[in-house]
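> Below is the file data_5.cif, with mmCIF, C-alpha atoms.
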data_model
loop_
_atom_site.label_atom_id
_atom_site.label_comp_id
_atom_site.auth_asym_id
_atom_site.auth_seq_id
_atom_site.Cartn_x
_atom_site.Cartn_y
_atom_site.Cartn_z
CA MET A 22 -36.82 190.39 15.99
CA ASN A 23 -34.33 189.68 13.23
CA LYS A 24 -35.49 187.73 10.23
CA HIS A 25 -33.44 185.64 7.87
CA SER A 26 -31.84 187.87 5.24
CA PRO A 27 -31.54 186.44 1.70
CA SER A 28 -28.33 188.44 1.19
CA ARG A 29 -26.65 186.25 3.81
CA GLU A 30 -27.57 182.99 2.08
CA MET A 31 -24.72 180.51 1.91
CA GLN A 32 -23.72 178.98 -1.42
CA ARG A 33 -25.25 175.55 -1.18
CA ALA A 34 -24.77 172.30 -3.07
CA VAL A 35 -27.54 170.65 -5.04
CA SER A 36 -28.66 167.43 -3.37
CA ALA A 37 -28.24 164.09 -5.04
CA VAL A 38 -31.08 162.62 -7.07
CA GLY A 39 -33.82 161.06 -4.96
CA THR A 40 -33.07 162.94 -1.73
CA GLU A 41 -34.96 165.73 -0.04
CA THR A 42 -33.94 169.20 -1.19
CA HIS A 43 -30.66 170.23 0.47
CA TYR A 44 -30.43 167.10 2.65
CA MET A 45 -28.88 163.63 2.37
CA PRO A 46 -30.62 160.64 4.03
CA GLY A 47 -29.18 158.09 6.42
CA TRP A 48 -27.93 157.75 9.99
CA ALA A 49 -24.12 157.42 10.37
CA ASN A 50 -23.62 157.23 6.61
CA ASP A 51 -20.30 158.12 5.06
CA PHE A 52 -21.54 161.16 3.16
CA GLU A 53 -19.79 163.19 0.51
CA THR A 54 -20.92 166.56 -0.80
CA GLU A 55 -19.43 169.58 -2.53
CA ALA A 56 -20.76 173.09 -3.11
CA LEU A 57 -18.39 173.70 -6.04
CA PRO A 58 -17.70 171.08 -8.72
CA GLY A 59 -14.46 169.19 -8.18
CA ALA A 60 -13.82 170.62 -4.72
CA LEU A 61 -13.94 167.17 -3.09
CA PRO A 62 -10.82 165.02 -3.64
CA GLN A 63 -11.50 161.53 -4.93
CA GLY A 64 -9.58 158.43 -3.87
CA MET A 65 -7.65 160.20 -1.10
CA ASN A 66 -8.17 162.55 1.83
CA SER A 67 -5.16 164.85 1.82
CA PRO A 68 -3.78 165.74 -1.64
CA GLN A 69 -0.63 167.79 -1.85
CA LYS A 70 -2.73 170.66 -3.20
CA CYS A 71 -6.51 170.88 -2.96
CA GLU A 72 -8.69 172.28 -5.73
CA TYR A 73 -9.61 175.99 -5.58
CA GLY A 74 -6.71 176.59 -3.18
CA LEU A 75 -8.68 175.00 -0.32
CA TYR A 76 -7.20 173.60 2.88
CA GLY A 77 -7.85 170.00 3.90
CA GLU A 78 -8.73 169.53 7.57
CA GLN A 79 -10.15 166.65 9.61
CA LEU A 80 -12.78 167.02 12.33
CA SER A 81 -12.74 164.01 14.69
CA GLY A 82 -15.69 163.15 16.91
CA THR A 83 -14.12 160.05 18.45
CA ALA A 84 -10.67 158.73 19.21
CA PHE A 85 -8.76 157.75 16.08
CA THR A 86 -8.86 154.07 17.08
CA ALA A 87 -12.58 153.95 17.93
CA ASN A 88 -14.53 151.27 16.07
CA PRO A 89 -15.83 152.72 13.90
CA PRO A 90 -14.11 156.12 14.08
CA GLU A 91 -16.36 159.12 13.53
CA ARG A 92 -14.63 161.80 11.55
CA THR A 93 -15.22 164.16 8.65
CA TRP A 94 -12.71 165.57 6.19
CA THR A 95 -13.41 169.19 5.29
CA TYR A 96 -12.04 171.31 2.45
CA ARG A 97 -12.21 174.92 3.47
CA ILE A 98 -11.17 178.42 2.48
CA ARG A 99 -9.10 178.87 5.62
CA PRO A 100 -7.94 176.30 8.16
CA SER A 101 -9.73 176.54 11.51
CA VAL A 102 -6.64 177.99 13.20
CA LYS A 103 -7.47 181.17 11.26
CA HIS A 104 -10.85 181.20 12.97
CA SER A 105 -9.24 181.19 16.39
CA ALA A 106 -7.50 184.06 18.16
CA ARG A 107 -6.89 185.09 21.76
CA TYR A 108 -9.78 184.17 24.03
CA THR A 109 -11.57 186.34 26.56
CA LYS A 110 -13.64 184.70 29.26
CA ILE A 111 -17.27 185.85 29.28
CA ASP A 112 -20.27 185.22 31.51
CA VAL A 113 -23.34 183.38 30.23
CA PRO A 114 -25.21 183.34 33.53
CA TYR A 115 -28.19 181.12 32.72
CA TRP A 116 -26.29 178.32 30.94
CA LYS A 117 -24.97 175.97 33.62
CA SER A 118 -22.89 172.79 33.46
CA ALA A 119 -22.52 169.83 35.79
CA PRO A 120 -21.49 169.56 38.51
CA CYS A 121 -23.84 172.35 39.55
CA VAL A 122 -25.26 171.50 42.97
CA ASP A 123 -26.78 174.55 44.64
CA PRO A 124 -26.84 174.00 48.43
CA ASP A 125 -29.98 176.14 48.70
CA VAL A 126 -31.96 174.11 46.16
CA ILE A 127 -33.80 170.85 46.91
CA SER A 128 -33.65 168.54 43.89
CA LEU A 129 -35.40 165.70 45.72
CA GLY A 130 -39.04 165.76 44.76
CA GLN A 131 -41.55 165.59 41.92
CA TYR A 132 -41.55 168.85 39.99
CA ARG A 133 -43.46 170.40 37.11
CA TRP A 134 -43.19 173.78 35.37
CA ASP A 135 -45.39 175.83 33.06
CA PRO A 136 -43.76 177.09 29.84
CA VAL A 137 -40.93 179.56 30.42
CA PRO A 138 -42.07 182.85 28.80
CA THR A 139 -40.01 184.44 26.04
CA THR A 140 -38.69 187.99 26.30
CA GLU A 141 -37.09 190.31 23.77
CA GLY A 142 -33.37 190.47 23.06
CA LEU A 143 -32.49 186.78 23.39
CA ASN A 144 -30.40 184.79 20.93
CA TRP A 145 -29.35 181.14 20.94
CA ILE A 146 -26.66 181.73 23.59
CA THR A 147 -28.21 184.38 25.83
CA GLY A 148 -31.62 182.70 25.69
CA MET A 149 -30.47 179.32 27.02
CA ARG A 150 -31.99 178.51 30.43
CA THR A 151 -30.58 175.46 32.21
CA MET A 152 -33.15 173.49 34.19
CA THR A 153 -31.10 170.52 35.42
CA THR A 154 -27.56 169.16 35.32
CA ALA A 155 -26.26 165.63 35.88
CA GLY A 156 -22.84 164.03 35.95
CA ASP A 157 -19.65 166.00 35.29
CA VAL A 158 -18.75 167.95 32.17
CA ASN A 159 -15.03 167.64 32.99
CA THR A 160 -15.06 163.85 32.96
CA GLN A 161 -17.49 163.83 30.02
CA VAL A 162 -20.34 161.90 31.60
CA GLY A 163 -23.92 162.99 32.14
CA MET A 164 -26.00 165.75 30.66
CA ALA A 165 -27.81 169.02 31.16
CA SER A 166 -31.37 169.93 30.16
CA HIS A 167 -32.23 173.41 28.95
CA ILE A 168 -35.09 175.53 27.70
CA TYR A 169 -34.08 177.76 24.80
CA LEU A 170 -35.77 181.10 24.16
CA VAL A 171 -34.89 182.90 20.91
CA THR A 172 -36.29 186.27 19.83
CA GLU A 173 -33.45 187.46 17.60
CA SER A 174 -30.87 186.05 15.21
CA MET A 175 -27.15 185.76 15.71
CA VAL A 176 -25.48 188.31 13.36
CA ASP A 177 -21.82 187.65 12.54
CA ASP A 178 -21.70 185.71 15.80
CA TYR A 179 -20.91 182.01 15.91
CA PHE A 180 -20.80 179.32 18.56
CA PHE A 181 -19.49 175.85 19.24
CA SER A 182 -19.36 173.56 22.24
CA ALA A 183 -16.22 171.61 23.04
CA ASP A 184 -18.16 169.99 25.90
CA SER A 185 -21.05 168.27 24.26
CA GLU A 186 -23.34 167.44 21.42
CA LEU A 187 -26.74 169.11 21.52
CA LEU A 188 -30.10 167.46 20.89
CA VAL A 189 -32.53 170.26 19.98
CA VAL A 190 -36.31 169.75 20.34
CA PRO A 191 -38.32 172.74 19.03
CA GLN A 192 -41.69 173.44 20.61
CA GLU A 193 -42.59 176.84 19.13
CA GLY A 194 -41.15 178.88 16.26
CA LYS A 195 -38.67 177.97 13.54
CA LEU A 196 -34.86 178.21 13.58
CA ARG A 197 -32.16 177.94 10.94
CA PHE A 198 -28.78 176.50 11.90
CA TYR A 199 -25.99 177.67 9.61
CA THR A 200 -23.22 175.16 10.30
CA GLU A 201 -19.79 174.49 8.89
CA LEU A 202 -21.19 171.43 7.11
CA GLY A 203 -24.42 172.95 5.80
CA ILE A 204 -27.80 174.41 6.71
CA ILE A 205 -30.51 172.80 8.84
CA ASP A 206 -33.98 174.25 9.37
CA LEU A 207 -35.79 173.09 12.51
CA ALA A 208 -39.48 173.43 13.36
CA PRO A 209 -41.76 171.83 15.96
CA GLN A 210 -42.17 168.04 15.51
CA GLU A 211 -38.55 167.86 14.37
CA ILE A 212 -35.28 167.41 16.24
CA GLY A 213 -31.72 168.38 15.43
CA ILE A 214 -28.40 166.89 16.53
CA ILE A 215 -25.44 169.29 16.56
CA PRO A 216 -22.09 167.51 17.06
CA ARG A 217 -19.45 168.50 19.57
CA GLY A 218 -16.94 170.95 18.06
CA LEU A 219 -19.07 172.04 15.07
CA VAL A 220 -19.20 175.81 14.51
CA TYR A 221 -22.58 177.38 13.70
CA ARG A 222 -24.87 180.37 14.10
CA VAL A 223 -28.63 180.32 14.67
CA GLU A 224 -31.10 182.58 12.88
CA LEU A 225 -34.76 183.07 13.71
CA LEU A 226 -37.06 182.24 10.80
CA GLU A 227 -40.39 182.34 12.66
CA GLY A 228 -40.61 183.53 16.20
CA PRO A 229 -40.52 183.84 19.03
CA ALA A 230 -38.96 180.39 19.33
CA ARG A 231 -38.95 178.12 22.35
CA GLY A 232 -37.86 174.54 22.78
CA PHE A 233 -35.80 172.05 24.73
CA VAL A 234 -32.15 171.05 24.56
CA CYS A 235 -30.44 167.95 25.90
CA GLU A 236 -26.72 168.65 26.26
CA ASN A 237 -24.90 165.32 26.08
CA TYR A 238 -21.48 165.29 27.77
CA GLY A 239 -20.95 161.56 27.23
CA GLN A 240 -20.75 159.14 24.32
CA LYS A 241 -22.54 160.25 21.18
CA PHE A 242 -26.18 159.53 20.53
CA GLU A 243 -26.84 156.43 18.48
CA LEU A 244 -29.84 154.42 17.38
CA PRO A 245 -30.88 151.88 20.03
CA GLY A 246 -30.45 148.16 19.49
CA ARG A 247 -33.76 146.69 18.36
CA GLY A 248 -33.28 143.10 19.50
CA PRO A 249 -36.27 140.92 18.56
CA ILE A 250 -38.02 143.93 16.96
CA GLY A 251 -35.71 143.48 13.99
CA ALA A 252 -34.88 145.87 11.18
CA ASN A 253 -38.03 147.99 10.98
CA CYS A 254 -40.11 150.45 13.02
CA MET A 255 -39.00 152.87 15.74
CA ALA A 256 -36.63 155.45 14.18
CA ASN A 257 -35.48 154.28 10.77
CA PRO A 258 -31.99 155.37 9.65
CA ARG A 259 -33.19 156.72 6.29
CA ASP A 260 -35.33 159.37 8.00
CA PHE A 261 -32.34 161.18 9.48
CA LYS A 262 -31.16 163.96 7.17
CA ALA A 263 -27.68 165.48 6.96
CA PRO A 264 -27.18 168.79 5.13
CA VAL A 265 -25.39 169.18 1.83
CA ALA A 266 -22.27 171.34 1.77
CA ALA A 267 -22.72 175.10 1.97
CA PHE A 268 -20.21 177.90 2.59
CA GLU A 269 -19.78 181.60 3.15
CA ASP A 270 -16.88 183.67 1.80
CA ARG A 271 -17.44 186.88 3.72
CA GLU A 272 -14.77 189.22 5.05
CA VAL A 273 -16.55 190.80 8.01
CA PRO A 274 -15.62 191.22 11.70
CA SER A 275 -17.08 188.24 13.54
CA THR A 276 -17.03 186.62 16.96
CA ILE A 277 -16.94 182.98 18.00
CA THR A 278 -18.15 181.92 21.44
CA ILE A 279 -16.77 178.64 22.75
CA LYS A 280 -18.13 176.52 25.59
CA TRP A 281 -15.22 174.60 27.13
CA CYS A 282 -15.37 172.70 30.45
CA GLY A 283 -18.47 174.63 31.44
CA GLN A 284 -16.88 178.03 30.85
CA PHE A 285 -17.57 180.43 28.01
CA HIS A 286 -14.93 182.30 26.01
CA LYS A 287 -15.11 184.66 23.05
CA THR A 288 -12.64 185.33 20.27
CA GLU A 289 -12.73 187.90 17.46
CA ILE A 290 -11.87 187.10 13.85
CA GLY A 291 -12.09 188.94 10.53
CA GLN A 292 -14.30 186.60 8.50
CA SER A 293 -17.07 184.04 8.59
CA PRO A 294 -15.83 180.64 9.84
CA LEU A 295 -18.49 178.82 7.79
CA ASP A 296 -16.12 178.32 4.85
CA VAL A 297 -16.25 174.55 4.19
CA VAL A 298 -16.74 174.16 0.42
CA ALA A 299 -16.78 170.34 0.41
CA TRP A 300 -16.72 167.50 2.93
CA HIS A 301 -16.96 163.77 3.32
CA GLY A 302 -17.35 161.63 6.42
CA ASN A 303 -19.74 160.32 9.07
CA TYR A 304 -19.46 163.08 11.72
CA ALA A 305 -22.21 165.51 10.80
CA PRO A 306 -25.31 167.33 12.05
CA TYR A 307 -28.74 165.83 11.46
CA LYS A 308 -32.40 166.65 11.52
CA TYR A 309 -35.19 164.13 12.07
CA ASP A 310 -38.95 164.38 11.62
CA LEU A 311 -40.58 162.97 14.76
CA THR A 312 -43.75 162.13 12.82
CA THR A 313 -41.76 159.42 11.01
CA TYR A 314 -41.15 157.58 14.30
CA CYS A 315 -43.09 154.29 14.11
CA PRO A 316 -44.01 153.18 17.65
CA VAL A 317 -44.45 149.55 18.61
CA GLY A 318 -46.38 148.23 21.59
CA ALA A 319 -48.54 145.49 23.10
CA ILE A 320 -51.33 144.08 20.92
CA LEU A 321 -52.87 141.70 23.45
CA PHE A 322 -52.31 142.58 27.13
CA ASP A 323 -49.97 144.62 29.37
CA HIS A 324 -47.60 147.08 27.78
CA PRO A 325 -43.81 147.22 27.46
CA ASP A 326 -41.50 149.46 29.44
CA PRO A 327 -41.14 153.03 28.11
CA SER A 328 -37.75 152.09 26.70
CA ILE A 329 -39.70 150.68 23.74
CA PHE A 330 -40.20 154.31 22.65
CA THR A 331 -36.49 155.18 22.53
CA VAL A 332 -35.52 157.30 19.52
CA LEU A 333 -31.83 157.81 20.38
CA THR A 334 -29.56 156.60 23.16
CA ALA A 335 -26.16 157.72 24.42
CA PRO A 336 -24.50 154.66 25.96
CA SER A 337 -22.74 154.59 29.32
CA GLY A 338 -19.95 152.28 30.41
CA GLN A 339 -22.52 149.91 31.92
CA PRO A 340 -24.37 147.69 29.43
CA GLY A 341 -28.12 148.26 29.45
CA THR A 342 -27.88 151.54 31.38
CA ALA A 343 -27.84 154.71 29.31
CA ASN A 344 -26.00 157.93 29.88
CA ILE A 345 -29.07 159.42 28.16
CA ASP A 346 -32.16 158.05 26.44
CA PHE A 347 -34.32 160.28 24.26
CA VAL A 348 -37.82 158.76 24.38
CA LEU A 349 -40.84 159.87 22.35
CA PHE A 350 -44.53 159.49 23.26
CA ARG A 351 -46.54 160.28 20.14
CA GLU A 352 -49.92 159.39 18.63
CA ARG A 353 -50.59 155.66 18.60
CA TRP A 354 -53.31 153.04 18.89
CA MET A 355 -54.11 151.46 22.26
CA VAL A 356 -55.58 147.96 21.91
CA ALA A 357 -54.38 145.87 24.88
CA GLU A 358 -57.12 143.89 26.64
CA ASN A 359 -57.74 143.82 30.41
CA THR A 360 -54.85 146.24 30.82
CA PHE A 361 -54.20 149.50 32.62
CA ARG A 362 -53.08 151.40 29.54
CA PRO A 363 -51.41 154.60 30.75
CA PRO A 364 -47.91 154.48 32.27
CA TRP A 365 -48.21 152.67 35.58
CA TYR A 366 -46.96 153.80 38.99
CA HIS A 367 -43.25 153.19 39.27
CA LYS A 368 -39.86 154.32 40.49
CA ASN A 369 -36.56 153.39 38.93
CA ILE A 370 -32.86 154.22 38.78
CA MET A 371 -33.27 156.61 35.84
CA SER A 372 -33.97 160.31 36.34
CA GLU A 373 -36.73 161.41 33.98
CA LEU A 374 -37.19 164.91 32.62
CA MET A 375 -40.24 165.21 30.36
CA GLY A 376 -41.34 167.96 27.99
CA ASN A 377 -44.63 168.46 26.18
CA ILE A 378 -44.37 169.51 22.52
CA TYR A 379 -48.13 169.62 21.90
CA GLY A 380 -51.40 168.12 23.05
CA GLN A 381 -52.29 166.16 26.18
CA TYR A 382 -50.20 163.48 27.89
CA ASP A 383 -52.31 160.46 28.83
CA ALA A 384 -50.96 160.02 32.38
CA LYS A 385 -51.53 163.70 33.25
CA PRO A 386 -54.69 165.03 31.56
CA GLN A 387 -54.39 168.36 33.37
CA GLY A 388 -51.46 170.65 34.12
CA PHE A 389 -48.78 169.24 31.81
CA VAL A 390 -49.21 171.81 29.05
CA PRO A 391 -47.34 172.29 25.74
CA GLY A 392 -43.99 173.89 26.50
CA GLY A 393 -44.10 172.58 30.07
CA VAL A 394 -41.54 170.39 31.81
CA SER A 395 -41.67 167.81 34.59
CA LEU A 396 -38.92 166.09 36.57
CA HIS A 397 -39.06 162.80 38.45
CA ASN A 398 -35.62 162.09 39.85
CA MET A 399 -34.08 158.69 40.45
CA MET A 400 -35.97 156.40 42.85
CA LEU A 401 -38.81 158.89 43.36
CA PRO A 402 -42.27 157.35 42.78
CA HIS A 403 -44.57 158.84 40.18
CA GLY A 404 -47.40 157.84 37.88
CA PRO A 405 -50.94 158.81 36.83
CA ASP A 406 -52.95 161.35 38.74
CA ARG A 407 -56.35 160.37 40.15
CA ASP A 408 -58.38 161.34 37.07
CA ALA A 409 -56.08 159.38 34.77
CA PHE A 410 -56.14 156.35 37.09
CA GLU A 411 -59.92 156.29 37.47
CA GLY A 412 -60.50 156.87 33.78
CA ALA A 413 -58.14 154.11 32.68
CA SER A 414 -59.37 151.68 35.35
CA ASN A 415 -63.04 152.01 34.40
CA SER A 416 -63.05 152.73 30.66
CA ASN A 417 -64.40 150.45 27.95
CA LEU A 418 -61.25 148.85 26.52
CA GLY A 419 -62.02 148.92 22.84
CA PRO A 420 -59.41 150.02 20.31
CA GLU A 421 -58.62 153.67 21.02
CA LYS A 422 -56.49 156.14 19.09
CA LEU A 423 -54.32 158.20 21.43
CA ASP A 424 -54.38 161.36 19.36
CA ASN A 425 -53.11 164.94 19.50
CA THR A 426 -50.17 164.15 21.72
CA MET A 427 -46.40 164.46 21.46
CA SER A 428 -44.23 164.45 24.55
CA PHE A 429 -40.68 163.30 25.13
CA MET A 430 -38.31 162.30 27.90
CA PHE A 431 -34.63 162.97 28.54
CA GLU A 432 -33.68 160.27 31.03
CA THR A 433 -30.28 159.55 32.50
CA ARG A 434 -28.66 157.15 34.95
CA PHE A 435 -27.49 160.17 37.00
CA PRO A 436 -29.52 162.32 39.42
CA GLN A 437 -30.62 165.56 37.80
CA HIS A 438 -29.91 168.57 40.02
CA LEU A 439 -32.14 171.62 39.72
CA THR A 440 -30.49 174.93 38.92
CA ALA A 441 -31.31 178.10 40.83
CA PHE A 442 -33.22 179.26 37.74
CA ALA A 443 -35.42 176.15 37.77
CA ALA A 444 -36.04 176.45 41.51
CA ASN A 445 -36.56 180.20 41.79
CA GLU A 446 -37.30 181.85 38.43
CA ALA A 447 -38.96 179.31 36.14
CA PRO A 448 -42.78 179.06 36.54
CA LEU A 449 -42.84 176.14 38.97
CA GLN A 450 -46.21 174.54 39.73
CA ASP A 451 -46.06 174.47 43.49
CA ASP A 452 -49.17 172.29 43.68
CA TYR A 453 -47.94 169.54 41.34
CA ILE A 454 -47.34 167.07 44.19
CA ASP A 455 -51.02 167.50 45.13
CA CYS A 456 -52.17 165.72 41.94
CA TRP A 457 -51.80 162.41 43.83
CA GLU A 458 -53.39 163.60 47.09
CA SER A 459 -56.91 162.46 46.19
CA LEU A 460 -55.89 158.88 45.35
CA GLU A 461 -58.09 156.67 47.51
CA LYS A 462 -57.50 153.59 49.58
CA LYS A 463 -59.63 150.91 47.91
CA PHE A 464 -58.46 147.87 49.88
CA ASP A 465 -60.82 146.51 52.55
CA GLY A 466 -59.79 142.82 52.62
CA THR A 467 -62.86 141.63 50.69
CA PRO A 468 -62.00 138.74 48.32
CA GLY A 469 -62.78 139.42 44.67
CA LYS A 470 -63.09 143.17 45.10
CA LYS A 471 -61.55 145.22 42.31
#
Could I get this file's structure written as structure tokens?

Amino acid sequence: MNKHSPSREMQRAVSAVGTETHYMPGWANDFETEALPGALPQGMNSPQKCEYGLYGEQLSGTAFTANPPERTWTYRIRPSVKHSARYTKIDVPYWKSAPCVDPDVISLGQYRWDPVPTTEGLNWITGMRTMTTAGDVNTQVGMASHIYLVTESMVDDYFFSADSELLVVPQEGKLRFYTELGIIDLAPQEIGIIPRGLVYRVELLEGPARGFVCENYGQKFELPGRGPIGANCMANPRDFKAPVAAFEDREVPSTITIKWCGQFHKTEIGQSPLDVVAWHGNYAPYKYDLTTYCPVGAILFDHPDPSIFTVLTAPSGQPGTANIDFVLFRERWMVAENTFRPPWYHKNIMSELMGNIYGQYDAKPQGFVPGGVSLHNMMLPHGPDRDAFEGASNSNLGPEKLDNTMSFMFETRFPQHLTAFAANEAPLQDDYIDCWESLEKKFDGTPGKK
């Protein structure tokens, strides 16, 4: 496997006082950063001539008239048109986009998979394995869920998606994302958000690496409204970190792969495209430490809906119904009295894909292992298996720390269709549906029986 090479290190800015090394804090801030002194214009965006002979260029993540608009001004060695040439269509067979409805695959059902094993020779692009798709990439609604497997670095190869932003959830190994706007390192218990249109390459720092990706075709992820919760807890804006400016000035044959309307194309250029020396704006990549998520919950009886654990949401056109919610189930105290504490039996309009980062999930003590995935599609019932039900129904309800656990959910308003890979090649647990088989009928009509 390829390791990070110090000789390829980008020239990186020094972070401002009081921030984490090489990162700037705050969600949706209007950042400014420069890797060379004076490279960032002050008081204007587009001077007649930029310092150092740089080119000014704007990257827009929303329509110009959006409120607020999301855009970043970059000051780069070459304009992006010099990082674009004639395109050749290529095949990336395991990375699928919606609509992808295989007539030979049954998506209706409750499904669970063991971790997809890693193999040699896989980079960020060739190691992507799509599990489900939902919506339509062409109309920019819905999502896809993937497993990524990385055993080697991208070398003079770069990528960007015109289709989507990517939410990256590492489960094993450590990756470095060299982006146009700076460098982000990602390890398990962290997430990364890579905006639509941003060029980057991925290097393997510790491997093999495996994790999960939510590909968001729709409106950008944002922090959920907190309502009566108020200003604190859940995911706090200050804990999201954007990278400081960093750039490469390397004249070397390179390739850029572009995902556009579900198709992949490659172009060849003569230099690194990561040549942004300075930038300012609010359209940027982020990382976030999941251990800083502060959960809230019931402190007397019952427990709230799982939406209380939402870290990020991508809105839909229908108020209160998300295109995607990213929900985190981490360590927390359970104190509710006279209450069935695990997630209860339910079915709803959202399609729920779950992944286990580490530890044991309380509703499924067995079978849902770290690196594993489960899918409960819209309006399909699911809930605790028999052991979890009996344990929670008969336990002594003192204060209990739910420890050594971190799982998440990608849920969407759209049905999630299984890919052929998920149905036929991924390690599907054929007996998952049997985890509810031993649930007993307890009703006999006797008053007062529990």
> Using the chain letters and numbers from the file, give me the residues hit by the PyMOL selection byres ((chain A and resi 301) around 6), as a PDB file with C-alpha atoms, in the frame of the given file.

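Here's the written file out.pdb:
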ATOM      1  CA  PHE A  52     -21.540 161.160   3.160  1.00  0.00           C
ATOM      2  CA  GLU A  53     -19.790 163.190   0.510  1.00  0.00           C
ATOM      3  CA  THR A  93     -15.220 164.160   8.650  1.00  0.00           C
ATOM      4  CA  TRP A  94     -12.710 165.570   6.190  1.00  0.00           C
ATOM      5  CA  TRP A 300     -16.720 167.500   2.930  1.00  0.00           C
ATOM      6  CA  GLY A 302     -17.350 161.630   6.420  1.00  0.00           C
TER       7      GLY A 302
END
> Taking the file as shown, what set of residues would the PyMOL selection byres ((chain A and resi 287-299) around 8) give back, as JSON, numbers by chain?
{"A": [53, 54, 55, 56, 57, 60, 61, 95, 96, 97, 98, 99, 101, 103, 104, 105, 106, 107, 108, 109, 110, 111, 177, 199, 200, 201, 202, 220, 221, 266, 267, 268, 269, 270, 271, 272, 273, 274, 275, 276, 277, 278, 279, 285, 286, 300, 301]}
> Those selected residues, please, written with C-alpha atoms and delivered as a compact mmCIF listing (two decimals), in the coordinates of the input.

# COMPACT_ATOMS: atom_id res chain seq x y z
CA GLU A 53 -19.79 163.19 0.51
CA THR A 54 -20.92 166.56 -0.80
CA GLU A 55 -19.43 169.58 -2.53
CA ALA A 56 -20.76 173.09 -3.11
CA LEU A 57 -18.39 173.70 -6.04
CA ALA A 60 -13.82 170.62 -4.72
CA LEU A 61 -13.94 167.17 -3.09
CA THR A 95 -13.41 169.19 5.29
CA TYR A 96 -12.04 171.31 2.45
CA ARG A 97 -12.21 174.92 3.47
CA ILE A 98 -11.17 178.42 2.48
CA ARG A 99 -9.10 178.87 5.62
CA SER A 101 -9.73 176.54 11.51
CA LYS A 103 -7.47 181.17 11.26
CA HIS A 104 -10.85 181.20 12.97
CA SER A 105 -9.24 181.19 16.39
CA ALA A 106 -7.50 184.06 18.16
CA ARG A 107 -6.89 185.09 21.76
CA TYR A 108 -9.78 184.17 24.03
CA THR A 109 -11.57 186.34 26.56
CA LYS A 110 -13.64 184.70 29.26
CA ILE A 111 -17.27 185.85 29.28
CA ASP A 177 -21.82 187.65 12.54
CA TYR A 199 -25.99 177.67 9.61
CA THR A 200 -23.22 175.16 10.30
CA GLU A 201 -19.79 174.49 8.89
CA LEU A 202 -21.19 171.43 7.11
CA VAL A 220 -19.20 175.81 14.51
CA TYR A 221 -22.58 177.38 13.70
CA ALA A 266 -22.27 171.34 1.77
CA ALA A 267 -22.72 175.10 1.97
CA PHE A 268 -20.21 177.90 2.59
CA GLU A 269 -19.78 181.60 3.15
CA ASP A 270 -16.88 183.67 1.80
CA ARG A 271 -17.44 186.88 3.72
CA GLU A 272 -14.77 189.22 5.05
CA VAL A 273 -16.55 190.80 8.01
CA PRO A 274 -15.62 191.22 11.70
CA SER A 275 -17.08 188.24 13.54
CA THR A 276 -17.03 186.62 16.96
CA ILE A 277 -16.94 182.98 18.00
CA THR A 278 -18.15 181.92 21.44
CA ILE A 279 -16.77 178.64 22.75
CA PHE A 285 -17.57 180.43 28.01
CA HIS A 286 -14.93 182.30 26.01
CA TRP A 300 -16.72 167.50 2.93
CA HIS A 301 -16.96 163.77 3.32
> To verify the selection step, state as a PDB file with C-alpha atoms, keeping the file's coordinate frame which residues the PyMOL selection byres ((chain A and resi 194) around 8) yields on this input.

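And here is the file that came out, result23.pdb:
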ATOM      1  CA  PRO A 191     -38.320 172.740  19.030  1.00  0.00           C
ATOM      2  CA  GLN A 192     -41.690 173.440  20.610  1.00  0.00           C
ATOM      3  CA  GLU A 193     -42.590 176.840  19.130  1.00  0.00           C
ATOM      4  CA  LYS A 195     -38.670 177.970  13.540  1.00  0.00           C
ATOM      5  CA  LEU A 196     -34.860 178.210  13.580  1.00  0.00           C
ATOM      6  CA  ALA A 208     -39.480 173.430  13.360  1.00  0.00           C
ATOM      7  CA  PRO A 209     -41.760 171.830  15.960  1.00  0.00           C
ATOM      8  CA  LEU A 226     -37.060 182.240  10.800  1.00  0.00           C
ATOM      9  CA  GLU A 227     -40.390 182.340  12.660  1.00  0.00           C
ATOM     10  CA  GLY A 228     -40.610 183.530  16.200  1.00  0.00           C
ATOM     11  CA  PRO A 229     -40.520 183.840  19.030  1.00  0.00           C
ATOM     12  CA  ALA A 230     -38.960 180.390  19.330  1.00  0.00           C
ATOM     13  CA  ARG A 231     -38.950 178.120  22.350  1.00  0.00           C
TER      14      ARG A 231
END
> Would you mind reading off the distance between atom CA of A:Leu187 and atom CA of A:Tyr304, one decimal, in Å?
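It comes out at 13.6 Å.
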> Which is closer to A:Leu418 than all the others in A:Leu396, A:Leu321, A:Cys235, A:Leu401, using all atoms listed in the file?
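With all atoms listed in the file as the atom set, the closest residue is A:Leu321.
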> Name the residues in contact with stretch 356-366 of chain A at a cut-off of 8 Å, using all atoms listed in the file, excluding same-chain residues fewer than 2 positions from it; report them as a PyMOL selection string.
chain A and resi 319-324+354+368+383-384+402-405+409+413-414+418-421
> Residues proximal to (-34.7, 168.6, 11.1) were defined as those with any atom within 8 Å of that point in the file's coordinates, counting all atoms listed in the file. Which are they, as an NGL selection string?
:A and (205-208 or 211-213 or 261-262 or 307-310)
> Sort by chain and increasing residue number a table of all residues of stretch 354-454 of chain A within 10 Å of stretch 168-171 of chain A, each with its closest pair of atoms and their distance in Å to one decimal, counting all atoms listed in the file, and write it as CSV.

residue,atom,partner,partner_atom,distance
A:Gly376,CA,A:Ile168,CA,9.8
A:Gly392,CA,A:Ile168,CA,9.1
A:Gly393,CA,A:Ile168,CA,9.8
A:Val394,CA,A:Ile168,CA,9.2
